[in-house]
file my_file27.csv (CSV, C-alpha atoms)
chain,number,residue,atom,x,y,z
A,4,MET,CA,35.0,-44.9,17.7
A,5,GLN,CA,34.0,-46.9,14.6
A,6,ARG,CA,30.5,-47.0,13.2
A,7,ILE,CA,28.9,-50.5,12.7
A,8,PRO,CA,25.6,-50.6,10.9
A,9,ILE,CA,23.6,-53.6,12.1
A,10,LEU,CA,20.7,-54.3,9.8
A,11,LEU,CA,17.5,-55.9,11.0
A,12,TYR,CA,15.3,-57.9,8.6
A,13,HIS,CA,12.3,-60.2,9.5
A,14,SER,CA,10.6,-62.0,6.6
A,15,ILE,CA,11.8,-62.1,3.0
A,16,ALA,CA,8.6,-62.9,1.0
A,17,SER,CA,6.3,-61.7,-1.7
A,18,GLU,CA,3.1,-61.9,0.2
A,19,SER,CA,1.9,-60.9,3.6
A,20,SER,CA,-1.1,-59.6,5.5
A,21,PRO,CA,-1.6,-55.8,5.5
A,22,ARG,CA,-0.6,-55.5,9.2
A,23,PHE,CA,2.6,-57.5,8.7
A,24,ARG,CA,3.6,-55.9,5.4
A,25,PRO,CA,6.0,-53.4,6.8
A,26,TRP,CA,8.2,-56.3,8.1
A,27,THR,CA,8.1,-58.3,4.8
A,28,VAL,CA,10.8,-57.4,2.3
A,29,ARG,CA,10.2,-58.7,-1.2
A,30,PRO,CA,12.9,-61.1,-2.5
A,31,ARG,CA,13.8,-58.8,-5.4
A,32,ARG,CA,14.3,-55.8,-3.1
A,33,PHE,CA,16.3,-57.9,-0.7
A,34,GLN,CA,18.5,-59.0,-3.6
A,35,ALA,CA,19.0,-55.4,-4.6
A,36,HIS,CA,20.0,-54.6,-1.0
A,37,MET,CA,22.6,-57.3,-0.9
A,38,GLU,CA,24.0,-56.3,-4.3
A,39,HIS,CA,24.4,-52.8,-3.0
A,40,LEU,CA,26.3,-53.9,0.0
A,41,VAL,CA,28.8,-55.8,-2.2
A,42,ARG,CA,29.1,-53.0,-4.7
A,43,SER,CA,29.7,-50.5,-1.9
A,44,GLY,CA,32.6,-52.5,-0.4
A,45,TYR,CA,31.0,-53.5,2.9
A,46,ASP,CA,32.4,-56.5,4.7
A,47,SER,CA,29.6,-58.5,6.3
A,48,LEU,CA,30.3,-59.9,9.8
A,49,THR,CA,28.4,-62.1,12.2
A,50,LEU,CA,27.5,-60.7,15.7
A,51,GLU,CA,30.1,-63.1,17.0
A,52,ARG,CA,32.8,-61.6,14.9
A,53,VAL,CA,31.8,-58.1,16.0
A,54,GLN,CA,31.9,-59.1,19.6
A,55,GLU,CA,35.4,-60.4,19.2
A,56,GLY,CA,36.5,-57.1,17.7
A,57,LEU,CA,35.0,-55.2,20.6
A,58,ARG,CA,37.1,-57.1,23.1
A,59,PRO,CA,40.3,-55.4,24.4
A,60,GLY,CA,43.1,-56.8,22.3
A,61,GLY,CA,40.6,-58.5,19.9
A,62,PRO,CA,41.0,-58.6,16.1
A,63,SER,CA,40.4,-55.3,14.4
A,64,LEU,CA,37.2,-54.8,12.4
A,65,PRO,CA,37.4,-54.1,8.7
A,66,PRO,CA,37.0,-50.4,7.5
A,67,ARG,CA,33.5,-50.9,6.3
A,68,PRO,CA,31.7,-53.5,8.5
A,69,VAL,CA,28.1,-54.4,8.2
A,70,VAL,CA,26.1,-56.9,10.2
A,71,ILE,CA,23.0,-58.5,8.6
A,72,THR,CA,20.6,-60.0,11.2
A,73,PHE,CA,17.2,-61.7,10.9
A,74,ASP,CA,14.7,-62.0,13.7
A,75,ASP,CA,12.2,-64.8,14.5
A,76,GLY,CA,13.3,-67.7,12.3
A,77,PHE,CA,10.8,-67.7,9.4
A,78,ALA,CA,11.1,-70.5,6.9
A,79,ASP,CA,11.6,-68.0,4.1
A,80,PHE,CA,15.1,-67.2,5.6
A,81,HIS,CA,16.1,-70.7,4.3
A,82,SER,CA,14.2,-70.5,0.9
A,83,ALA,CA,14.6,-66.8,0.0
A,84,ALA,CA,17.3,-65.0,2.0
A,85,LEU,CA,20.0,-67.6,2.4
A,86,PRO,CA,20.5,-68.4,-1.4
A,87,VAL,CA,21.1,-64.6,-2.0
A,88,LEU,CA,23.4,-64.3,1.0
A,89,GLU,CA,25.5,-67.3,-0.3
A,90,THR,CA,25.6,-66.0,-3.8
A,91,HIS,CA,27.2,-62.8,-2.6
A,92,ARG,CA,29.3,-64.5,0.2
A,93,LEU,CA,27.6,-62.5,2.9
A,94,ALA,CA,27.7,-63.5,6.5
A,95,SER,CA,24.5,-63.3,8.6
A,96,THR,CA,23.1,-63.8,12.1
A,97,LEU,CA,19.7,-65.5,12.6
A,98,TYR,CA,17.7,-65.2,15.9
A,99,VAL,CA,15.2,-68.0,16.5
A,100,ALA,CA,12.1,-68.0,18.7
A,101,THR,CA,12.3,-71.7,19.8
A,102,ARG,CA,8.7,-72.5,20.6
A,103,TYR,CA,7.7,-72.1,17.0
A,104,MET,CA,10.4,-74.2,15.3
A,105,GLY,CA,8.8,-76.7,12.9
A,106,GLY,CA,5.5,-74.9,13.2
A,107,THR,CA,4.0,-71.5,12.4
A,108,ALA,CA,4.2,-67.9,13.8
A,109,GLY,CA,1.7,-68.4,16.5
A,110,TRP,CA,2.4,-65.1,18.2
A,111,LEU,CA,1.4,-63.1,15.1
A,112,VAL,CA,-2.3,-63.3,15.8
A,113,ARG,CA,-3.1,-59.6,15.6
A,114,GLU,CA,-1.1,-59.4,12.3
A,115,LYS,CA,-3.2,-62.3,10.9
A,116,GLU,CA,0.0,-64.2,10.2
A,117,ARG,CA,-0.2,-67.0,12.7
A,118,GLU,CA,0.1,-69.5,9.8
A,119,ARG,CA,3.4,-68.1,8.4
A,120,PRO,CA,5.8,-71.1,8.3
A,121,MET,CA,8.8,-71.1,10.6
A,122,LEU,CA,12.1,-73.0,10.1
A,123,SER,CA,11.9,-76.7,10.6
A,124,ARG,CA,14.6,-78.4,12.7
A,125,GLU,CA,16.1,-79.8,9.6
A,126,GLN,CA,16.3,-76.4,8.0
A,127,LEU,CA,17.8,-75.0,11.1
A,128,HIS,CA,20.6,-77.6,11.0
A,129,ASP,CA,21.1,-76.8,7.3
A,130,VAL,CA,21.6,-73.1,7.9
A,131,VAL,CA,24.1,-73.7,10.6
A,132,GLU,CA,26.0,-76.1,8.3
A,133,ARG,CA,25.9,-73.3,5.8
A,134,ARG,CA,27.8,-71.0,8.3
A,135,VAL,CA,24.9,-68.9,9.5
A,136,HIS,CA,25.4,-67.7,13.1
A,137,VAL,CA,22.3,-68.7,15.1
A,138,GLY,CA,21.2,-66.9,18.3
A,139,ALA,CA,18.2,-67.1,20.6
A,140,HIS,CA,15.1,-64.8,20.4
A,141,SER,CA,13.3,-66.1,23.5
A,142,HIS,CA,11.0,-69.1,23.6
A,143,THR,CA,7.5,-67.6,23.0
A,144,HIS,CA,8.4,-64.1,21.7
A,145,PRO,CA,6.9,-62.0,24.5
A,146,ARG,CA,7.8,-58.4,25.6
A,147,LEU,CA,10.3,-59.5,28.2
A,148,ASP,CA,10.2,-56.2,30.2
A,149,GLU,CA,6.5,-56.8,30.8
A,150,LEU,CA,7.0,-60.2,32.5
A,151,GLY,CA,7.8,-61.1,36.0
A,152,ALA,CA,11.4,-61.9,36.8
A,153,ALA,CA,10.9,-65.7,36.8
A,154,ARG,CA,9.1,-65.8,33.5
A,155,SER,CA,11.6,-63.5,31.7
A,156,ARG,CA,14.4,-65.6,33.0
A,157,ASP,CA,12.8,-68.8,31.8
A,158,GLU,CA,12.2,-67.3,28.3
A,159,ILE,CA,15.9,-66.3,28.1
A,160,GLU,CA,17.4,-69.5,29.5
A,161,ARG,CA,15.0,-72.0,27.8
A,162,SER,CA,15.6,-70.7,24.3
A,163,LYS,CA,19.3,-71.0,24.8
A,164,ALA,CA,19.0,-74.5,26.2
A,165,ILE,CA,16.8,-75.7,23.4
A,166,LEU,CA,19.0,-74.4,20.7
A,167,GLU,CA,22.2,-75.7,22.3
A,168,ASP,CA,20.6,-79.2,22.7
A,169,GLU,CA,19.3,-79.2,19.1
A,170,LEU,CA,22.5,-77.9,17.5
A,171,GLN,CA,25.1,-79.3,19.9
A,172,ARG,CA,27.0,-76.0,20.0
A,173,PRO,CA,27.1,-72.9,22.2
A,174,VAL,CA,24.6,-70.2,21.6
A,175,THR,CA,26.2,-66.9,22.6
A,176,THR,CA,24.0,-64.1,21.3
A,177,PHE,CA,20.4,-63.1,22.1
A,178,ALA,CA,17.9,-60.6,20.5
A,179,TYR,CA,15.2,-59.0,22.6
A,180,PRO,CA,11.7,-59.7,21.1
A,181,HIS,CA,10.1,-56.5,19.9
A,182,GLY,CA,13.3,-54.8,21.0
A,183,CYS,CA,11.9,-54.5,24.5
A,184,TYR,CA,14.2,-54.9,27.5
A,185,SER,CA,15.0,-53.4,30.9
A,186,ARG,CA,18.0,-53.4,33.2
A,187,ARG,CA,16.7,-56.5,34.9
A,188,VAL,CA,16.2,-58.3,31.6
A,189,ARG,CA,19.7,-57.3,30.4
A,190,ASP,CA,21.2,-58.6,33.6
A,191,GLN,CA,19.3,-61.9,33.1
A,192,VAL,CA,20.8,-62.3,29.6
A,193,ILE,CA,24.3,-61.9,31.0
A,194,GLU,CA,23.5,-64.3,33.9
A,195,ALA,CA,22.3,-66.9,31.3
A,196,GLY,CA,25.7,-67.0,29.8
A,197,TYR,CA,25.2,-65.0,26.6
A,198,THR,CA,28.1,-62.8,25.5
A,199,SER,CA,26.1,-60.3,23.4
A,200,SER,CA,22.6,-59.2,22.8
A,201,ALA,CA,20.8,-57.1,20.2
A,202,ALA,CA,18.2,-54.5,20.7
A,203,VAL,CA,16.5,-52.5,18.0
A,204,ARG,CA,16.5,-48.7,18.7
A,205,HIS,CA,16.8,-47.9,14.9
A,206,ALA,CA,20.2,-46.4,15.5
A,207,MET,CA,23.8,-46.8,14.3
A,208,SER,CA,25.9,-49.1,16.4
A,209,SER,CA,29.5,-48.5,17.1
A,210,THR,CA,32.6,-49.8,18.9
A,211,ASP,CA,31.4,-47.9,21.9
A,212,ASP,CA,28.0,-49.4,22.0
A,213,ASP,CA,26.6,-51.6,24.8
A,214,VAL,CA,27.4,-55.2,23.8
A,215,PHE,CA,24.3,-56.3,25.6
A,216,ALA,CA,22.0,-53.9,23.9
A,217,LEU,CA,23.5,-53.4,20.4
A,218,ALA,CA,21.6,-50.9,18.3
A,219,ARG,CA,20.1,-52.2,15.0
A,220,ILE,CA,18.7,-50.4,12.0
A,221,MET,CA,15.2,-51.6,10.9
A,222,VAL,CA,15.0,-52.5,7.2
A,223,LEU,CA,11.3,-52.4,6.1
A,224,ALA,CA,9.3,-53.3,3.1
A,225,ASP,CA,9.5,-49.8,1.7
A,226,THR,CA,13.3,-49.4,2.3
A,227,THR,CA,14.6,-48.7,-1.2
A,228,THR,CA,18.2,-49.2,-2.1
A,229,GLU,CA,18.8,-45.5,-2.0
A,230,ALA,CA,17.2,-45.3,1.5
A,231,LEU,CA,19.3,-48.2,2.6
A,232,ASP,CA,22.4,-46.4,1.5
A,233,ARG,CA,21.5,-43.4,3.6
A,234,LEU,CA,20.9,-45.7,6.6
A,235,LEU,CA,24.2,-47.4,6.2
A,236,THR,CA,25.9,-44.0,6.5
A,237,GLY,CA,23.9,-43.0,9.5
A,238,ASP,CA,21.9,-40.3,7.8
A,239,GLY,CA,19.1,-39.3,10.1
A,240,LEU,CA,19.9,-41.9,12.7
A,241,PRO,CA,21.0,-41.6,16.3
A,242,GLN,CA,24.6,-42.8,17.0
A,243,ALA,CA,25.1,-45.4,19.7
A,244,PRO,CA,25.9,-45.2,22.5
A,245,CYS,CA,22.7,-43.1,22.8
A,246,ARG,CA,19.8,-43.0,25.2
A,247,PRO,CA,17.4,-45.8,24.2
A,248,ARG,CA,13.9,-44.6,23.3
A,249,MET,CA,10.7,-46.1,24.7
A,250,ARG,CA,12.4,-48.0,27.4
A,251,THR,CA,11.3,-46.3,30.6
A,252,ALA,CA,9.2,-47.8,33.4
A,253,ALA,CA,6.4,-45.4,32.4
A,254,TRP,CA,6.3,-46.7,28.9
A,255,ARG,CA,6.3,-50.3,30.0
A,256,ALA,CA,3.4,-49.5,32.4
A,257,ALA,CA,1.5,-47.9,29.5
A,258,ARG,CA,2.0,-50.9,27.3
A,259,ARG,CA,1.0,-53.2,30.0
A,260,THR,CA,-2.2,-51.2,30.6
A,261,ARG,CA,-3.0,-51.1,27.0
A,262,ARG,CA,-2.7,-54.9,26.7
A,263,VAL,CA,-5.0,-55.4,29.6
A,264,LEU,CA,-7.7,-53.0,28.3
A,265,THR,CA,-7.5,-54.3,24.7
A,266,PRO,CA,-8.6,-58.0,24.6
A,267,ALA,CA,-6.4,-60.2,22.5
A,268,PRO,CA,-7.9,-62.2,19.7
A,269,GLU,CA,-8.8,-65.8,20.5
A,270,GLY,CA,-5.6,-67.9,20.6
A,271,ALA,CA,-3.3,-64.9,21.0
A,272,HIS,CA,-0.3,-65.3,23.3
A,273,VAL,CA,-0.5,-62.7,26.0
A,274,ALA,CA,2.8,-62.0,27.6
call {"tool": "encode", "arguments": {"input": "my_file27.csv", "output": "structure tokens"}}
result
Amino acid sequence: MQRIPILLYHSIASESSPRFRPWTVRPRRFQAHMEHLVRSGYDSLTLERVQEGLRPGGPSLPPRPVVITFDDGFADFHSAALPVLETHRLASTLYVATRYMGGTAGWLVREKERERPMLSREQLHDVVERRVHVGAHSHTHPRLDELGAARSRDEIERSKAILEDELQRPVTTFAYPHGCYSRRVRDQVIEAGYTSSAAVRHAMSSTDDDVFALARIMVLADTTTEALDRLLTGDGLPQAPCRPRMRTAAWRAARRTRRVLTPAPEGAHVA
């Protein structure tokens, strides 16, 4: 079994609301993270390349692989993250919530970030031309395991169809919004024609991991380079395959109840 650290970033920016700050890594810190990966001899891979390496008879993975992923599709990926990745010749995978392309982060009402710019269609085409691997992140960014079967299927299939129509190329990987999924949702991802999907789980992935619920490591605003180095070695992290946390039917029911009892702010998208 080979360990595969899959890093999860969201926004790379200097400013954010207090509630969204944990998910916003400052550009200088992000640059330091990427420099550390290069100095430490990590080979960056896309999720597509990892998936090929996990197939029986597929190409072997390098001794020190790392996967750099970004969720949501914020415009600052294009302006702040991509130039740094290109400078260091690092591959990346970007997951896009399709409803918000060319607009703003309308689902981030509670975080007071609904005006945070998202990638335009032109920027999305540009990142693909610059060899970023693009995957789907649902259409409206709900917690898929809280939806009925028809709605979750639509979210999964619609995001794939929109991206494939826009980019004129296959979209093969999916990331569960909020990291939330269930056996039914996982099965729907497979039925939609994806060949891999990423969860969160804050755990170290491996060649024995579930290719339709790959564990990722959360990189937060306060993740120093020293802390990142510990995460890359798996220090203090569960090792996949491991039992996913907070994925039971009881937890989903508790979340659903909480959302019913706590009114969403005006304009919020309620899954």
call {"tool": "residues_around", "arguments": {"input": "my_file27.csv", "residues": "Pro68 in chain A", "least_positions_apart": "3", "cutoff": "6 Å", "atoms": "only C-alpha atoms", "output": "PDB file with C-alpha atoms, in the frame of the given file"}}
result
ATOM      1  CA  ILE A   7      28.900 -50.500  12.700  1.00  0.00           C
ATOM      2  CA  TYR A  45      31.000 -53.500   2.900  1.00  0.00           C
ATOM      3  CA  ASP A  46      32.400 -56.500   4.700  1.00  0.00           C
ATOM      4  CA  SER A  47      29.600 -58.500   6.300  1.00  0.00           C
ATOM      5  CA  PRO A  65      37.400 -54.100   8.700  1.00  0.00           C
TER       6      PRO A  65
END
call {"tool": "atom_distance", "arguments": {"input": "my_file27.csv", "atom1": "CA of Glu38 in chain A", "atom2": "CA of Arg204 in chain A"}}
result
25.4 Å
call {"tool": "residues_around", "arguments": {"input": "my_file27.csv", "residues": "Gly239 in chain A", "least_positions_apart": "4", "cutoff": "10 Å", "atoms": "all atoms listed in the file", "output": "list of chain:residue names"}}
result
A:Ala206, A:Met207, A:Arg233, A:Leu234
call {"tool": "closest_residue", "arguments": {"input": "my_file27.csv", "among": "A:Leu217, A:Leu111, A:Leu64, A:Leu223", "to": "Gln242 in chain A", "atoms": "all atoms listed in the file"}}
result
A:Leu217
call {"tool": "closest_residue", "arguments": {"input": "my_file27.csv", "among": "A:Ala152, A:Ala78, A:Ile9, A:Val214", "to": "Gly56 in chain A", "atoms": "all atoms listed in the file"}}
result
A:Val214
call {"tool": "atom_distance", "arguments": {"input": "my_file27.csv", "atom1": "CA of Arg172 in chain A", "atom2": "CA of Leu11 in chain A"}}
result
24.0 Å
call {"tool": "residues_around", "arguments": {"input": "my_file27.csv", "residues": "Ser20 in chain A", "least_positions_apart": "3", "cutoff": "8 Å", "atoms": "only C-alpha atoms", "output": "JSON, numbers by chain"}}
result
{"A": [23, 24, 114, 115, 116]}
call {"tool": "atom_distance", "arguments": {"input": "my_file27.csv", "atom1": "CA of Arg134 in chain A", "atom2": "CA of His39 in chain A"}}
result
21.7 Å
call {"tool": "residues_around", "arguments": {"input": "my_file27.csv", "residues": "range 181-185 of chain A", "least_positions_apart": "6", "cutoff": "6 Å", "atoms": "only C-alpha atoms", "output": "VMD selection string"}}
result
chain A and resid 146 148 202 to 203
call {"tool": "closest_residue", "arguments": {"input": "my_file27.csv", "among": "A:Thr176, A:Ser17, A:Gln191, A:Thr72", "to": "Glu51 in chain A", "atoms": "only C-alpha atoms"}}
result
A:Thr176
call {"tool": "residues_around", "arguments": {"input": "my_file27.csv", "residues": "Gln34 in chain A", "least_positions_apart": "3", "cutoff": "9 Å", "atoms": "all atoms listed in the file", "output": "NGL selection string"}}
result
:A and (29-31 or 37-39 or 84 or 87-88)
call {"tool": "closest_residue", "arguments": {"input": "my_file27.csv", "among": "A:Gln171, A:Val28, A:Ala164, A:Ile159", "to": "Asp190 in chain A", "atoms": "all atoms listed in the file"}}
result
A:Ile159
call {"tool": "residues_near_point", "arguments": {"input": "my_file27.csv", "point": "(6.9, -56.2, 8.3)", "cutoff": "10 Å", "atoms": "all atoms listed in the file", "output": "list in words"}}
result
Tyr12, His13, Ser14, Ile15, Ser19, Ser20, Pro21, Arg22, Phe23, Arg24, Pro25, Trp26, Thr27, Val28, Glu114, Met221, Val222, Leu223, Ala224 and Asp225 of chain A
call {"tool": "decode", "arguments": {"input": "my_file27.csv", "residues": "range 106-223 of chain A", "atoms": "C-alpha atoms", "output": "short mmCIF file (atom, residue, chain, number, x, y, z; two decimals), in the first residue's frame"}}
result
data_model
loop_
_atom_site.label_atom_id
_atom_site.label_comp_id
_atom_site.auth_asym_id
_atom_site.auth_seq_id
_atom_site.Cartn_x
_atom_site.Cartn_y
_atom_site.Cartn_z
CA GLY A 106 -21.40 34.80 -11.08
CA THR A 107 -20.76 34.79 -7.36
CA ALA A 108 -20.79 32.25 -4.53
CA GLY A 109 -24.54 32.35 -3.93
CA TRP A 110 -24.56 29.38 -1.53
CA LEU A 111 -22.25 31.14 0.97
CA VAL A 112 -25.02 33.22 2.55
CA ARG A 113 -24.36 32.20 6.15
CA GLU A 114 -20.67 32.93 5.67
CA LYS A 115 -21.51 36.41 4.28
CA GLU A 116 -19.56 35.58 1.13
CA ARG A 117 -22.33 35.35 -1.44
CA GLU A 118 -20.58 38.09 -3.51
CA ARG A 119 -17.24 36.24 -3.74
CA PRO A 120 -16.49 36.02 -7.50
CA MET A 121 -16.53 32.67 -9.25
CA LEU A 122 -14.67 31.66 -12.40
CA SER A 123 -16.11 33.01 -15.63
CA ARG A 124 -16.59 30.68 -18.55
CA GLU A 125 -13.64 32.34 -20.28
CA GLN A 126 -11.43 31.74 -17.24
CA LEU A 127 -12.60 28.14 -17.05
CA HIS A 128 -11.58 27.57 -20.67
CA ASP A 129 -8.24 29.21 -19.92
CA VAL A 130 -7.44 26.97 -16.94
CA VAL A 131 -8.22 23.89 -19.04
CA GLU A 132 -5.92 25.13 -21.79
CA ARG A 133 -3.29 25.55 -19.09
CA ARG A 134 -3.58 21.85 -18.25
CA VAL A 135 -5.67 22.00 -15.09
CA HIS A 136 -7.84 18.90 -14.64
CA VAL A 137 -11.45 20.05 -14.16
CA GLY A 138 -14.09 18.00 -12.35
CA ALA A 139 -17.69 18.54 -11.24
CA HIS A 140 -18.75 19.69 -7.78
CA SER A 141 -22.55 19.43 -8.24
CA HIS A 142 -24.74 22.19 -9.70
CA THR A 143 -25.90 24.18 -6.65
CA HIS A 144 -23.50 22.89 -3.93
CA PRO A 145 -26.02 21.19 -1.58
CA ARG A 146 -25.38 18.40 0.90
CA LEU A 147 -26.27 15.59 -1.45
CA ASP A 148 -27.00 13.02 1.25
CA GLU A 149 -29.82 15.23 2.57
CA LEU A 150 -31.63 15.33 -0.79
CA GLY A 151 -34.14 12.92 -2.27
CA ALA A 152 -32.85 10.50 -4.86
CA ALA A 153 -34.15 12.44 -7.87
CA ARG A 154 -32.62 15.74 -6.75
CA SER A 155 -29.23 14.30 -5.88
CA ARG A 156 -29.10 12.50 -9.23
CA ASP A 157 -29.93 15.74 -11.03
CA GLU A 158 -27.19 17.62 -9.18
CA ILE A 159 -24.63 14.96 -10.07
CA GLU A 160 -25.65 14.51 -13.70
CA ARG A 161 -26.39 18.15 -14.52
CA SER A 162 -23.00 19.43 -13.41
CA LYS A 163 -21.27 16.83 -15.57
CA ALA A 164 -23.42 17.65 -18.60
CA ILE A 165 -22.89 21.41 -18.28
CA LEU A 166 -19.12 21.13 -17.99
CA GLU A 167 -18.85 18.64 -20.84
CA ASP A 168 -20.98 20.85 -23.07
CA GLU A 169 -18.96 23.92 -22.13
CA LEU A 170 -15.50 22.35 -22.42
CA GLN A 171 -16.22 19.78 -25.14
CA ARG A 172 -14.30 17.10 -23.29
CA PRO A 173 -15.16 14.29 -20.84
CA VAL A 174 -15.53 15.16 -17.15
CA THR A 175 -14.53 12.06 -15.22
CA THR A 176 -14.13 13.10 -11.58
CA PHE A 177 -16.56 14.46 -8.99
CA ALA A 178 -16.17 16.00 -5.52
CA TYR A 179 -18.97 15.73 -2.94
CA PRO A 180 -20.04 19.23 -1.74
CA HIS A 181 -19.26 19.66 1.97
CA GLY A 182 -17.72 16.18 1.76
CA CYS A 183 -21.19 14.71 2.36
CA TYR A 184 -22.27 11.52 0.65
CA SER A 185 -24.05 8.24 1.28
CA ARG A 186 -24.04 4.83 -0.36
CA ARG A 187 -26.89 5.96 -2.63
CA VAL A 188 -25.08 9.16 -3.63
CA ARG A 189 -21.88 7.23 -4.30
CA ASP A 190 -23.81 4.80 -6.51
CA GLN A 191 -25.37 7.71 -8.42
CA VAL A 192 -21.91 9.13 -9.12
CA ILE A 193 -20.87 5.79 -10.61
CA GLU A 194 -24.10 5.53 -12.64
CA ALA A 195 -23.54 9.05 -14.02
CA GLY A 196 -20.33 7.86 -15.67
CA TYR A 197 -17.68 9.35 -13.41
CA THR A 198 -14.60 7.20 -12.85
CA SER A 199 -13.50 8.73 -9.52
CA SER A 200 -14.82 10.98 -6.78
CA ALA A 201 -13.30 12.85 -3.87
CA ALA A 202 -14.64 13.08 -0.35
CA VAL A 203 -12.97 15.00 2.47
CA ARG A 204 -12.56 12.92 5.66
CA HIS A 205 -9.29 14.76 6.60
CA ALA A 206 -7.33 11.55 6.18
CA MET A 207 -4.41 10.22 4.18
CA SER A 208 -5.44 8.48 0.98
CA SER A 209 -3.67 5.42 -0.37
CA THR A 210 -3.59 2.93 -3.20
CA ASP A 211 -6.12 0.88 -1.20
CA ASP A 212 -8.59 3.78 -0.86
CA ASP A 213 -12.11 3.79 -2.32
CA VAL A 214 -11.72 5.49 -5.72
CA PHE A 215 -15.29 6.82 -5.34
CA ALA A 216 -14.67 8.37 -1.91
CA LEU A 217 -11.02 9.36 -1.94
CA ALA A 218 -9.83 10.84 1.33
CA ARG A 219 -8.48 14.39 1.24
CA ILE A 220 -6.54 16.51 3.71
CA MET A 221 -8.02 19.92 4.54
CA VAL A 222 -5.58 22.81 4.18
CA LEU A 223 -6.85 25.78 6.16
#
